[in-house]
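Below is the file data.cif, which contains mmCIF, C-alpha atoms.
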```cif
data_model
loop_
_atom_site.label_atom_id
_atom_site.label_comp_id
_atom_site.auth_asym_id
_atom_site.auth_seq_id
_atom_site.Cartn_x
_atom_site.Cartn_y
_atom_site.Cartn_z
CA MET Z 1047 109.06 82.95 83.96
CA LEU Z 1048 105.44 84.05 84.28
CA ILE Z 1049 104.18 87.16 86.09
CA TYR Z 1050 100.67 86.32 87.28
CA GLY Z 1051 98.77 89.47 88.18
CA LEU Z 1052 99.95 92.97 87.35
CA GLY Z 1053 98.92 96.01 89.36
CA ARG Z 1054 101.38 97.62 91.77
CA SER Z 1055 103.31 94.44 92.61
CA GLY Z 1056 103.35 93.10 89.05
CA ARG Z 1057 104.58 96.39 87.64
CA GLY Z 1058 107.43 96.32 90.14
CA VAL Z 1059 108.31 92.77 89.03
CA MET Z 1060 108.26 93.82 85.37
CA ARG Z 1061 110.51 96.81 85.94
CA PHE Z 1062 112.97 94.70 87.93
CA LEU Z 1063 113.13 91.86 85.40
CA ALA Z 1064 113.61 94.37 82.59
CA ARG Z 1065 116.58 95.90 84.42
CA GLU Z 1066 117.96 92.40 84.95
CA GLY Z 1067 117.53 91.48 81.30
CA VAL Z 1068 115.23 88.57 82.18
CA SER Z 1069 112.47 87.69 79.73
CA ALA Z 1070 109.00 86.86 81.04
CA GLU Z 1071 105.36 86.69 80.09
CA TRP Z 1072 102.34 87.93 81.99
CA VAL Z 1073 98.75 86.96 82.73
CA ASP Z 1074 96.08 89.18 84.25
CA ALA Z 1075 92.32 88.68 84.11
CA ARG Z 1076 91.60 92.42 84.07
CA PRO Z 1077 94.72 94.34 83.03
CA THR Z 1078 94.48 98.11 82.94
CA SER Z 1079 95.57 100.02 79.87
CA ASP Z 1080 98.53 101.38 81.86
CA ASP Z 1081 99.60 97.83 82.79
CA GLU Z 1082 99.40 96.67 79.20
CA ALA Z 1083 101.28 99.73 77.96
CA LEU Z 1084 104.11 99.17 80.46
CA ALA Z 1085 104.36 95.48 79.55
CA ALA Z 1086 104.59 96.33 75.86
CA GLU Z 1087 107.16 99.05 76.52
CA LEU Z 1088 109.35 96.63 78.50
CA GLY Z 1089 108.98 93.84 75.95
CA PHE Z 1090 106.83 91.41 77.96
CA GLY Z 1091 104.16 89.49 76.06
CA ARG Z 1092 101.01 87.73 77.19
CA GLY Z 1093 101.39 84.30 78.70
CA ASP Z 1094 99.07 81.31 78.88
CA VAL Z 1095 98.45 79.12 81.92
CA SER Z 1096 98.25 76.08 79.66
CA ARG Z 1097 101.99 76.44 79.04
CA THR Z 1098 104.76 75.15 81.31
CA TYR Z 1099 106.77 77.65 83.39
CA GLN Z 1100 109.57 77.01 85.85
CA THR Z 1101 108.74 80.00 88.05
CA VAL Z 1102 105.55 81.99 88.54
CA VAL Z 1103 105.70 85.32 90.40
CA ALA Z 1104 102.15 85.77 91.67
CA ALA Z 1105 100.75 89.09 92.87
CA PRO Z 1106 99.52 89.19 96.49
CA GLY Z 1107 95.96 89.83 95.37
CA VAL Z 1108 95.76 86.41 93.70
CA PRO Z 1109 94.63 83.72 96.18
CA ILE Z 1110 97.25 81.02 96.60
CA ASP Z 1111 94.61 78.41 95.76
CA HIS Z 1112 93.45 80.17 92.60
CA PRO Z 1113 92.66 77.52 89.94
CA ASP Z 1114 95.26 78.95 87.55
CA LEU Z 1115 98.00 78.75 90.18
CA LEU Z 1116 96.99 75.19 91.00
CA THR Z 1117 97.20 74.33 87.28
CA LEU Z 1118 100.61 75.93 86.97
CA ARG Z 1119 101.89 74.07 90.05
CA ALA Z 1120 100.59 70.80 88.68
CA LYS Z 1121 102.67 71.43 85.56
CA GLY Z 1122 105.81 71.86 87.69
CA ALA Z 1123 105.94 75.61 88.36
CA GLU Z 1124 107.18 77.06 91.65
CA VAL Z 1125 104.91 79.90 92.77
CA ILE Z 1126 106.68 82.73 94.59
CA GLY Z 1127 106.05 86.40 95.32
CA GLU Z 1128 108.10 89.53 94.75
CA VAL Z 1129 109.74 89.23 98.18
CA VAL Z 1130 111.32 85.86 97.40
CA LEU Z 1131 112.32 87.10 93.95
CA ALA Z 1132 114.10 90.02 95.63
CA ALA Z 1133 115.75 87.81 98.26
CA ARG Z 1134 117.04 85.34 95.68
CA SER Z 1135 118.22 88.03 93.29
CA ARG Z 1136 119.96 90.09 96.00
CA PRO Z 1137 121.09 87.47 98.54
CA HIS Z 1138 123.52 89.85 100.26
CA LEU Z 1139 120.91 92.54 100.94
CA PRO Z 1140 119.91 92.39 104.64
CA MET Z 1141 116.15 92.42 105.13
CA VAL Z 1142 113.94 93.11 108.11
CA GLY Z 1143 110.44 91.69 107.65
CA VAL Z 1144 107.44 93.10 109.52
CA THR Z 1145 103.94 91.65 109.72
CA GLY Z 1146 100.94 91.80 112.05
CA THR Z 1147 97.25 92.47 112.08
CA ALA Z 1148 97.77 96.12 113.01
CA GLY Z 1149 100.75 98.46 113.14
CA LYS Z 1150 102.96 96.69 110.61
CA GLY Z 1151 103.15 99.65 108.22
CA SER Z 1152 103.97 102.17 110.92
CA THR Z 1153 106.53 99.82 112.47
CA THR Z 1154 108.14 99.21 109.08
CA VAL Z 1155 108.56 102.92 108.42
CA LEU Z 1156 109.83 103.57 111.96
CA ILE Z 1157 112.50 100.85 111.70
CA ALA Z 1158 113.72 102.33 108.42
CA GLN Z 1159 113.81 105.80 109.98
CA LEU Z 1160 115.83 104.57 112.97
CA LEU Z 1161 118.29 102.68 110.77
CA ARG Z 1162 118.82 105.81 108.69
CA GLU Z 1163 119.51 107.71 111.92
CA CYS Z 1164 122.25 105.12 112.55
CA GLY Z 1165 123.88 105.91 109.21
CA LEU Z 1166 122.46 103.09 107.08
CA ASN Z 1167 120.71 103.62 103.77
CA ALA Z 1168 117.57 101.76 104.81
CA GLN Z 1169 114.61 101.73 102.45
CA GLU Z 1170 111.09 100.55 103.23
CA GLY Z 1171 108.90 98.74 100.73
CA GLY Z 1172 106.76 95.69 100.10
CA ASN Z 1173 103.12 95.88 101.08
CA ILE Z 1174 103.54 99.64 101.44
CA ASP Z 1175 104.78 101.88 98.64
CA PRO Z 1176 107.09 101.42 96.91
CA PRO Z 1177 107.22 97.77 95.80
CA LEU Z 1178 110.24 96.01 97.31
CA LEU Z 1179 111.83 95.38 93.90
CA ASP Z 1180 111.91 99.12 93.24
CA VAL Z 1181 114.30 99.74 96.18
CA VAL Z 1182 116.61 96.71 96.29
CA ASP Z 1183 119.24 98.25 94.04
CA HIS Z 1184 119.78 101.43 96.05
CA ALA Z 1185 119.38 100.20 99.63
CA GLU Z 1186 121.89 98.92 102.17
CA VAL Z 1187 119.00 97.45 104.15
CA ALA Z 1188 115.44 96.70 103.07
CA VAL Z 1189 112.67 96.94 105.66
CA VAL Z 1190 109.72 95.01 104.25
CA GLU Z 1191 106.10 95.22 105.28
CA LEU Z 1192 104.60 91.77 104.69
CA SER Z 1193 100.89 91.07 104.42
CA SER Z 1194 99.36 87.67 105.02
CA PHE Z 1195 98.77 87.48 101.26
CA GLN Z 1196 102.47 87.98 100.56
CA LEU Z 1197 103.45 85.49 103.25
CA GLU Z 1198 101.51 82.76 101.47
CA ARG Z 1199 104.21 82.76 98.77
CA VAL Z 1200 107.60 82.99 100.49
CA PRO Z 1201 109.16 79.49 100.10
CA GLY Z 1202 112.63 79.37 101.62
CA LEU Z 1203 112.64 83.02 102.72
CA ARG Z 1204 115.12 83.58 105.54
CA LEU Z 1205 115.04 86.88 107.38
CA PRO Z 1206 117.82 87.81 109.82
CA VAL Z 1207 115.26 89.93 111.68
CA ALA Z 1208 111.49 89.43 111.63
CA VAL Z 1209 108.76 91.25 113.55
CA ILE Z 1210 105.19 90.25 114.37
CA THR Z 1211 103.42 93.26 115.87
CA ASN Z 1212 100.30 91.34 116.94
CA LEU Z 1213 97.83 88.70 115.74
CA GLY Z 1214 94.11 89.44 115.55
CA VAL Z 1215 91.27 88.77 113.14
CA ASP Z 1216 91.32 89.96 109.54
CA HIS Z 1217 90.87 88.87 105.93
CA LEU Z 1218 88.48 86.03 106.72
CA ASP Z 1219 86.99 86.59 103.27
CA ARG Z 1220 90.33 85.40 101.87
CA HIS Z 1221 91.74 82.97 104.46
CA ARG Z 1222 88.33 81.67 105.63
CA THR Z 1223 89.47 80.91 109.21
CA VAL Z 1224 91.43 82.78 111.86
CA GLU Z 1225 93.80 79.80 112.11
CA ALA Z 1226 94.63 79.94 108.39
CA TYR Z 1227 95.18 83.70 108.62
CA HIS Z 1228 97.53 83.31 111.60
CA ASP Z 1229 99.36 80.46 109.88
CA ALA Z 1230 100.07 82.74 106.93
CA LYS Z 1231 101.46 85.39 109.28
CA ARG Z 1232 103.69 82.82 110.98
CA HIS Z 1233 105.40 82.06 107.68
CA ILE Z 1234 107.54 85.13 108.36
CA THR Z 1235 109.72 83.05 110.69
CA ALA Z 1236 109.61 79.70 108.85
CA GLY Z 1237 113.07 80.06 107.33
CA GLN Z 1238 114.83 81.61 110.32
CA GLN Z 1239 117.79 79.95 112.01
CA PRO Z 1240 119.04 80.10 115.64
CA GLU Z 1241 121.28 83.09 114.88
CA ASP Z 1242 118.31 85.09 113.56
CA VAL Z 1243 115.93 87.20 115.66
CA LEU Z 1244 112.15 87.22 115.93
CA VAL Z 1245 110.60 90.22 117.69
CA LEU Z 1246 107.24 89.42 119.33
CA PRO Z 1247 104.83 90.99 121.81
CA ALA Z 1248 105.44 89.70 125.32
CA GLY Z 1249 103.32 86.65 125.99
CA MET Z 1250 102.91 85.56 122.38
CA GLU Z 1251 103.95 81.95 121.97
CA LEU Z 1252 105.26 80.91 118.58
CA PRO Z 1253 107.36 77.85 117.73
CA THR Z 1254 110.55 79.18 116.16
CA ARG Z 1255 114.22 78.32 115.87
CA ALA Z 1256 115.24 81.98 116.06
CA GLU Z 1257 116.11 83.96 119.15
CA VAL Z 1258 112.97 85.68 120.47
CA ARG Z 1259 113.02 89.23 121.78
CA SER Z 1260 109.78 90.34 123.38
CA PHE Z 1261 108.42 93.84 123.76
CA THR Z 1262 105.67 95.58 125.68
CA ALA Z 1263 104.08 98.90 124.83
CA GLY Z 1264 104.88 100.27 128.25
CA HIS Z 1265 108.66 100.05 128.11
CA LEU Z 1266 110.91 101.40 125.38
CA GLY Z 1267 114.08 99.72 126.59
CA LEU Z 1268 116.43 97.70 124.43
CA ARG Z 1269 117.51 94.14 125.19
CA SER Z 1270 120.08 95.52 127.64
CA GLY Z 1271 117.23 97.06 129.64
CA ALA Z 1272 118.34 100.63 129.02
CA GLU Z 1273 115.53 103.16 129.10
CA VAL Z 1274 115.70 104.86 125.71
CA LEU Z 1275 112.82 107.31 125.83
CA PRO Z 1276 109.88 107.90 128.16
CA ILE Z 1277 106.52 107.08 126.58
CA SER Z 1278 105.39 110.66 127.15
CA GLU Z 1279 108.14 111.95 124.86
CA LEU Z 1280 107.09 109.97 121.80
CA PRO Z 1281 105.95 112.20 118.93
CA GLU Z 1282 102.19 112.37 118.40
CA GLY Z 1283 101.03 109.54 116.17
CA ILE Z 1284 103.80 107.08 117.14
CA HIS Z 1285 102.22 104.15 118.99
CA PRO Z 1286 104.28 102.93 121.98
CA ALA Z 1287 103.98 99.27 120.90
CA ASN Z 1288 105.23 100.09 117.42
CA ALA Z 1289 108.10 102.09 118.90
CA ALA Z 1290 109.07 99.26 121.25
CA ALA Z 1291 109.05 96.69 118.43
CA ALA Z 1292 110.99 99.00 116.12
CA LEU Z 1293 113.70 99.59 118.72
CA LEU Z 1294 114.29 95.87 119.25
CA ALA Z 1295 114.28 95.17 115.52
CA THR Z 1296 116.73 98.00 114.87
CA GLU Z 1297 119.04 96.76 117.59
CA ALA Z 1298 118.86 93.20 116.21
CA LEU Z 1299 119.69 94.31 112.68
CA LEU Z 1300 122.63 96.41 113.92
CA ASP Z 1301 123.88 93.33 115.84
CA HIS Z 1302 123.52 91.24 112.69
CA LEU Z 1303 125.66 93.74 110.76
CA GLY Z 1304 128.24 93.96 113.54
CA ARG Z 1305 127.51 97.63 114.17
CA GLN Z 1306 127.46 99.29 117.59
CA VAL Z 1307 124.12 100.19 119.12
CA ASP Z 1308 124.14 103.83 120.22
CA VAL Z 1309 121.22 104.37 122.59
CA SER Z 1310 121.46 108.17 122.37
CA VAL Z 1311 121.19 108.04 118.56
CA LEU Z 1312 118.12 105.81 118.78
CA ALA Z 1313 116.51 108.08 121.37
CA ALA Z 1314 117.12 111.12 119.18
CA GLY Z 1315 115.77 109.21 116.18
CA LEU Z 1316 112.57 108.40 118.03
CA ARG Z 1317 112.07 112.05 118.94
CA ARG Z 1318 112.45 113.03 115.29
CA ALA Z 1319 110.32 110.18 113.93
CA ARG Z 1320 107.26 111.08 111.93
CA PRO Z 1321 104.12 108.94 111.78
CA VAL Z 1322 102.91 107.50 108.52
CA GLY Z 1323 100.15 109.55 106.90
CA GLY Z 1324 96.71 108.00 107.22
CA ARG Z 1325 97.53 106.36 110.53
CA PHE Z 1326 96.08 108.17 113.56
CA GLU Z 1327 97.10 111.60 112.31
CA THR Z 1328 95.71 114.89 113.60
CA VAL Z 1329 94.70 116.70 110.41
CA ALA Z 1330 92.92 119.74 111.89
CA ARG Z 1331 91.99 121.42 115.16
CA LEU Z 1332 89.06 123.64 115.99
CA GLY Z 1333 89.36 125.01 119.51
CA GLU Z 1334 89.43 121.98 121.79
CA VAL Z 1335 88.23 119.61 119.07
CA ARG Z 1336 90.77 117.50 117.24
CA PHE Z 1337 90.08 115.81 113.89
CA ILE Z 1338 92.02 112.54 113.72
CA GLU Z 1339 92.35 110.59 110.50
CA ASP Z 1340 92.97 106.84 110.83
CA SER Z 1341 91.48 105.78 107.51
CA ILE Z 1342 93.56 102.60 107.38
CA ALA Z 1343 91.93 101.37 110.62
CA THR Z 1344 89.82 98.57 109.14
CA ARG Z 1345 91.08 95.79 111.42
CA THR Z 1346 89.61 95.33 114.87
CA LEU Z 1347 92.97 95.75 116.63
CA ALA Z 1348 93.75 98.96 114.75
CA VAL Z 1349 90.31 100.45 115.43
CA GLN Z 1350 90.50 99.44 119.08
CA ALA Z 1351 93.90 101.14 119.41
CA ALA Z 1352 92.52 104.31 117.85
CA LEU Z 1353 89.56 104.37 120.24
CA GLU Z 1354 91.85 103.89 123.22
CA ARG Z 1355 94.24 106.66 122.15
CA ALA Z 1356 91.77 109.32 121.08
CA GLN Z 1357 90.83 112.00 123.60
CA PRO Z 1358 87.19 111.54 124.72
CA PRO Z 1359 84.45 112.44 124.14
CA ILE Z 1360 84.69 110.88 120.68
CA ALA Z 1361 82.47 111.29 117.65
CA TRP Z 1362 83.37 108.12 115.77
CA LEU Z 1363 83.02 107.98 111.98
CA VAL Z 1364 82.20 104.39 110.99
CA GLY Z 1365 81.50 103.07 107.51
CA GLY Z 1366 82.70 101.73 104.20
CA ARG Z 1367 82.42 98.11 103.13
CA ASP Z 1368 82.38 95.59 105.97
CA LYS Z 1369 84.89 92.74 105.68
CA GLY Z 1370 83.80 90.80 108.73
CA ALA Z 1371 85.40 92.73 111.59
CA GLU Z 1372 84.91 91.60 115.19
CA LEU Z 1373 82.71 94.20 116.88
CA GLU Z 1374 82.58 92.98 120.49
CA PRO Z 1375 86.08 94.31 121.41
CA LEU Z 1376 85.14 97.63 119.84
CA ARG Z 1377 81.99 97.93 121.93
CA ALA Z 1378 84.16 97.53 125.03
CA ALA Z 1379 86.76 100.05 123.80
CA ALA Z 1380 84.05 102.59 122.97
CA ALA Z 1381 82.26 102.32 126.33
CA GLY Z 1382 82.36 105.65 128.16
CA ARG Z 1383 84.49 107.23 125.42
CA VAL Z 1384 82.29 107.46 122.31
CA THR Z 1385 79.43 109.91 122.55
CA ARG Z 1386 78.07 109.34 119.02
CA VAL Z 1387 78.72 107.12 116.00
CA ILE Z 1388 78.43 108.77 112.59
CA ALA Z 1389 77.60 106.07 110.05
CA PHE Z 1390 78.42 106.50 106.36
CA GLY Z 1391 78.90 104.47 103.23
CA GLU Z 1392 77.73 101.05 102.12
CA ASP Z 1393 77.74 99.24 105.47
CA GLY Z 1394 78.03 102.12 107.92
CA GLU Z 1395 74.54 101.82 109.35
CA ALA Z 1396 74.79 98.03 109.72
CA LEU Z 1397 78.12 98.41 111.52
CA ALA Z 1398 76.67 101.09 113.81
CA ARG Z 1399 73.71 98.87 114.69
CA GLY Z 1400 76.10 96.01 115.42
CA LEU Z 1401 78.06 98.23 117.78
CA GLY Z 1402 74.90 99.02 119.72
CA LEU Z 1403 75.84 102.69 120.19
CA PRO Z 1404 73.79 105.83 119.48
CA TYR Z 1405 74.32 106.80 115.86
CA ASP Z 1406 73.36 109.12 113.03
CA THR Z 1407 73.57 108.17 109.36
CA VAL Z 1408 74.80 110.54 106.65
CA VAL Z 1409 74.48 110.22 102.88
CA GLY Z 1410 75.68 112.38 100.01
CA HIS Z 1411 76.23 112.76 96.29
CA ASP Z 1412 79.75 111.29 96.24
CA GLY Z 1413 82.61 110.33 98.53
CA ASP Z 1414 83.75 113.89 99.26
CA ASP Z 1415 80.22 115.05 99.99
CA VAL Z 1416 79.60 112.10 102.31
CA MET Z 1417 82.86 112.72 104.17
CA LEU Z 1418 82.12 116.43 104.61
CA ARG Z 1419 78.67 115.64 106.00
CA ALA Z 1420 80.13 112.97 108.31
CA ALA Z 1421 82.83 115.29 109.66
CA GLN Z 1422 80.24 118.02 110.19
CA ALA Z 1423 77.89 115.63 112.02
CA GLY Z 1424 80.80 114.51 114.19
CA LEU Z 1425 81.65 118.10 115.09
CA GLN Z 1426 78.03 118.84 115.97
CA ALA Z 1427 77.89 115.77 118.21
CA LEU Z 1428 80.62 117.22 120.42
CA ASN Z 1429 80.18 120.06 122.88
CA GLY Z 1430 83.21 122.07 121.81
CA GLU Z 1431 85.79 119.53 122.94
CA GLY Z 1432 86.96 116.01 122.16
CA THR Z 1433 87.79 114.13 118.99
CA VAL Z 1434 86.19 113.59 115.61
CA LEU Z 1435 87.76 110.23 114.77
CA LEU Z 1436 87.78 108.52 111.39
CA ALA Z 1437 88.50 104.88 112.27
CA PRO Z 1438 86.01 103.38 109.84
CA ILE Z 1439 86.16 99.57 110.31
CA GLY Z 1440 85.01 99.12 106.70
CA THR Z 1441 87.21 99.22 103.61
CA SER Z 1442 87.16 102.28 101.35
CA PHE Z 1443 86.14 100.66 98.09
CA ASP Z 1444 82.47 101.65 98.25
CA LEU Z 1445 83.18 105.36 97.79
CA PHE Z 1446 86.93 105.80 97.26
CA ARG Z 1447 89.73 104.18 95.29
CA ASP Z 1448 91.66 103.33 98.48
CA TYR Z 1449 92.11 104.23 102.14
CA LYS Z 1450 94.48 107.09 101.26
CA ALA Z 1451 91.86 108.81 99.11
CA ARG Z 1452 89.32 108.40 101.92
CA GLY Z 1453 91.73 109.86 104.47
CA GLU Z 1454 92.57 112.79 102.21
CA SER Z 1455 88.86 113.47 101.75
CA PHE Z 1456 88.35 113.53 105.52
CA ALA Z 1457 91.32 115.88 105.98
CA ARG Z 1458 89.94 118.27 103.36
CA ALA Z 1459 86.54 118.17 105.04
CA ALA Z 1460 88.04 118.90 108.46
CA ARG Z 1461 90.05 121.85 107.15
CA GLN Z 1462 86.95 123.19 105.37
CA LEU Z 1463 84.95 123.07 108.60
CA VAL Z 1464 87.74 124.88 110.46
CA GLN Z 1465 87.87 127.58 107.79
CA GLN Z 1466 84.09 128.01 107.76
CA ASN Z 1467 84.05 128.35 111.54
CA HIS Z 1468 86.74 131.02 111.46
CA GLU Z 1469 84.90 132.93 108.74
CA VAL Z 1470 81.69 132.92 110.79
CA LYS Z 1471 83.53 134.27 113.83
CA ALA Z 1472 85.21 136.96 111.73
#
```
The structure given in the file should be rewritten as structure tokens.
Amino acid sequence: MLIYGLGRSGRGVMRFLAREGVSAEWVDARPTSDDEALAAELGFGRGDVSRTYQTVVAAPGVPIDHPDLLTLRAKGAEVIGEVVLAARSRPHLPMVGVTGTAGKGSTTVLIAQLLRECGLNAQEGGNIDPPLLDVVDHAEVAVVELSSFQLERVPGLRLPVAVITNLGVDHLDRHRTVEAYHDAKRHITAGQQPEDVLVLPAGMELPTRAEVRSFTAGHLGLRSGAEVLPISELPEGIHPANAAAALLATEALLDHLGRQVDVSVLAAGLRRARPVGGRFETVARLGEVRFIEDSIATRTLAVQAALERAQPPIAWLVGGRDKGAELEPLRAAAAGRVTRVIAFGEDGEALARGLGLPYDTVVGHDGDDVMLRAAQAGLQALNGEGTVLLAPIGTSFDLFRDYKARGESFARAARQLVQQNHEVKA
């Protein structure tokens, strides 16, 4: 067996194979010292793509048409990802798979929370931390966030419950066309059978053999039509569409396991649910101004949802590294709600110009300095009320190691501004 690509996914594969007593080799074009140290500690040596392997476990970050993977396939190797390795190694572990252009991480976590409320040891993993293979040995149910990259390498994967939150435009730098991107997402249902369930937004048409259960953001009822919880009672940060999809998926998984669906338990679970950090989270308040961090909002659908949910007037922080987002829907969502765009980072000004909205540009010495200046400019653009919203469109890799670091920087900046304001008043 060959592990192609280390990093977060590859390390999870190595740890799992070591526990299983399975020998393997690894290949990585730019391994970190930590990756190499872990491989040596676990007894895995370097591989060579000129050799013949029966199975290659490829990391999601490696394009499926990478020349090395094509070479390995030509020599007879089957290329899979960690999700298929988990499914084949633990065939009796029920899995719920969740994908979509926006909301898949939040929906994944919410499903796991609801299943735990129902008494199941449900663990989330996959595209979100931790890697799926780190949780399969201590979970009764695995709830797996699946990216389009992961879904390129899931031959034969059968999920008793699958969820597609939505389909928009993303990752054209990898998939090249919207059609190819959507095709990758649709792989989530390729192995399903008539007794399985696919949860979809109402109106989405998708050829599938599984039973389809549709949801709308405006109604949190289960398949029976019971009203579980009014929209107004959802905790802050829980999107109604994610909640609706999570309820149907939870019900479907309980049906699959032969367990009773208790509507009161699910309603109580929704009230206690907590949003995922970095996803439309209020991180500070200053009088009537709310600082909302949605650093992961780099997809058009996610940014649009943030703009529609934030309380106007909005000072919108836009920037980072552009990955080809559609801007027209964002112009429409911002109309009458955004009072000023604050542009930052590598492509912030270009994105702001493309949006056609009034903007200011901030620069700084490093990521934290830039984020403090951006949050301050956003606060100054408001007249004592509204929202300073970080929904950046661009990826974080120009100034930060990832979206979490960017979101944490914004939260620190917001809290610093609040503290400074209080000190001035004192």
8 Å contact set for segment 1145-1154 of chain Z, only C-alpha atoms, chain neighbours under 4 positions out, as a count of residues only: 30
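Of the listed residues Z:Thr1254, Z:Thr1078, Z:Thr1262, Z:Gln1100, the one whose atoms come nearest to Lys1121 of chain Z is Z:Gln1100, with distances taken using only C-alpha atoms.
Distance check against Asp1340 of chain Z using all atoms listed in the file: of Z:His1411, Z:Arg1452, Z:Arg1061, Z:Arg1367, the minimum falls on Z:Arg1452.
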What is the distance between atom CA of Pro1375 of chain Z and atom CA of Ala1352 of chain Z, in Å to one decimal?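 Atom CA of Ala1352 of chain Z lies at a distance of 12.4 Å from atom CA of Pro1375 of chain Z.
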Within 12 Å of Leu1403 of chain Z, counting all atoms listed in the file, which residues show up once you throw out same-chain ones fewer than 6 positions away? Write them as JSON, numbers by chain, please. {"Z": [1361, 1362, 1364, 1373, 1374, 1376, 1377, 1378, 1379, 1380, 1381, 1382, 1383, 1384, 1385, 1386, 1387, 1388, 1389, 1395, 1396, 1397]}
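Atom pair atom CA of Ser1310 of chain Z / atom CA of Thr1296 of chain Z has a distance of 13.5 Å (rounded to one decimal).
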Closest to Glu1279 of chain Z among Z:Gly1440, Z:Gly1315, Z:Leu1063, Z:Met1250, using all atoms listed in the file? Z:Gly1315
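Checking Z:Gly1370, Z:Val1329, Z:Pro1358, Z:Val1311 one by one against Gly1453 of chain Z, counting all atoms listed in the file, you find the shortest gap at Z:Val1329.
Rounded to one decimal, atom CA of Phe1090 of chain Z and atom CA of Glu1071 of chain Z lie 5.4 Å from each other.
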What residues come out when you apply the PyMOL selection byres ((chain Z and resi 1326) around 10) to this file, written as a count of residues only? 28
Explicit residue set for the PyMOL selection byres ((chain Z and resi 1057) around 12), as number ranges by chain: Z: 1049-1056, 1058-1064, 1072, 1074, 1077-1078, 1080-1088, 1090, 1103-1105, 1128, 1176-1180
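Here, the PyMOL selection byres ((chain Z and resi 1244) around 6) matches Val1207, Ala1208, Val1209, Val1243, Val1245 and Val1258 of chain Z.
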May I have the residues at most 12 Å from (83.1, 119.8, 122.2) in the file's coordinates, counting only C-alpha atoms, as a PyMOL selection string? chain Z and resi 1331-1337+1357-1361+1385+1424-1434
Counting only C-alpha atoms, figure out which residue out of Z:Arg1136, Z:Thr1098, Z:Gln1196, Z:Val1409 gets nearest to Glu1124 of chain Z. Z:Thr1098
Would you kindly identify which residues have an atom no farther than 7 Å from (101.1, 84.8, 78.6), using only C-alpha atoms and the file's own coordinates, and write them out as a VMD selection string? chain Z and resid 1071 to 1073 1091 to 1094
Under the rule that all atoms listed in the file are counted, which of Z:Ala1290, Z:Leu1139, Z:Val1130, Z:Pro1106 is the nearest residue to Leu1275 of chain Z?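 Checking each of Z:Ala1290, Z:Leu1139, Z:Val1130, Z:Pro1106 against Leu1275 of chain Z, counting all atoms listed in the file, the winner is Z:Ala1290.
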Need to verify the contact set: segment 1108-1116 of chain Z, 9 Å, all atoms listed in the file, exclusion of same-chain residues closer than 6 positions in sequence. Can you return it as a count of residues only? 12
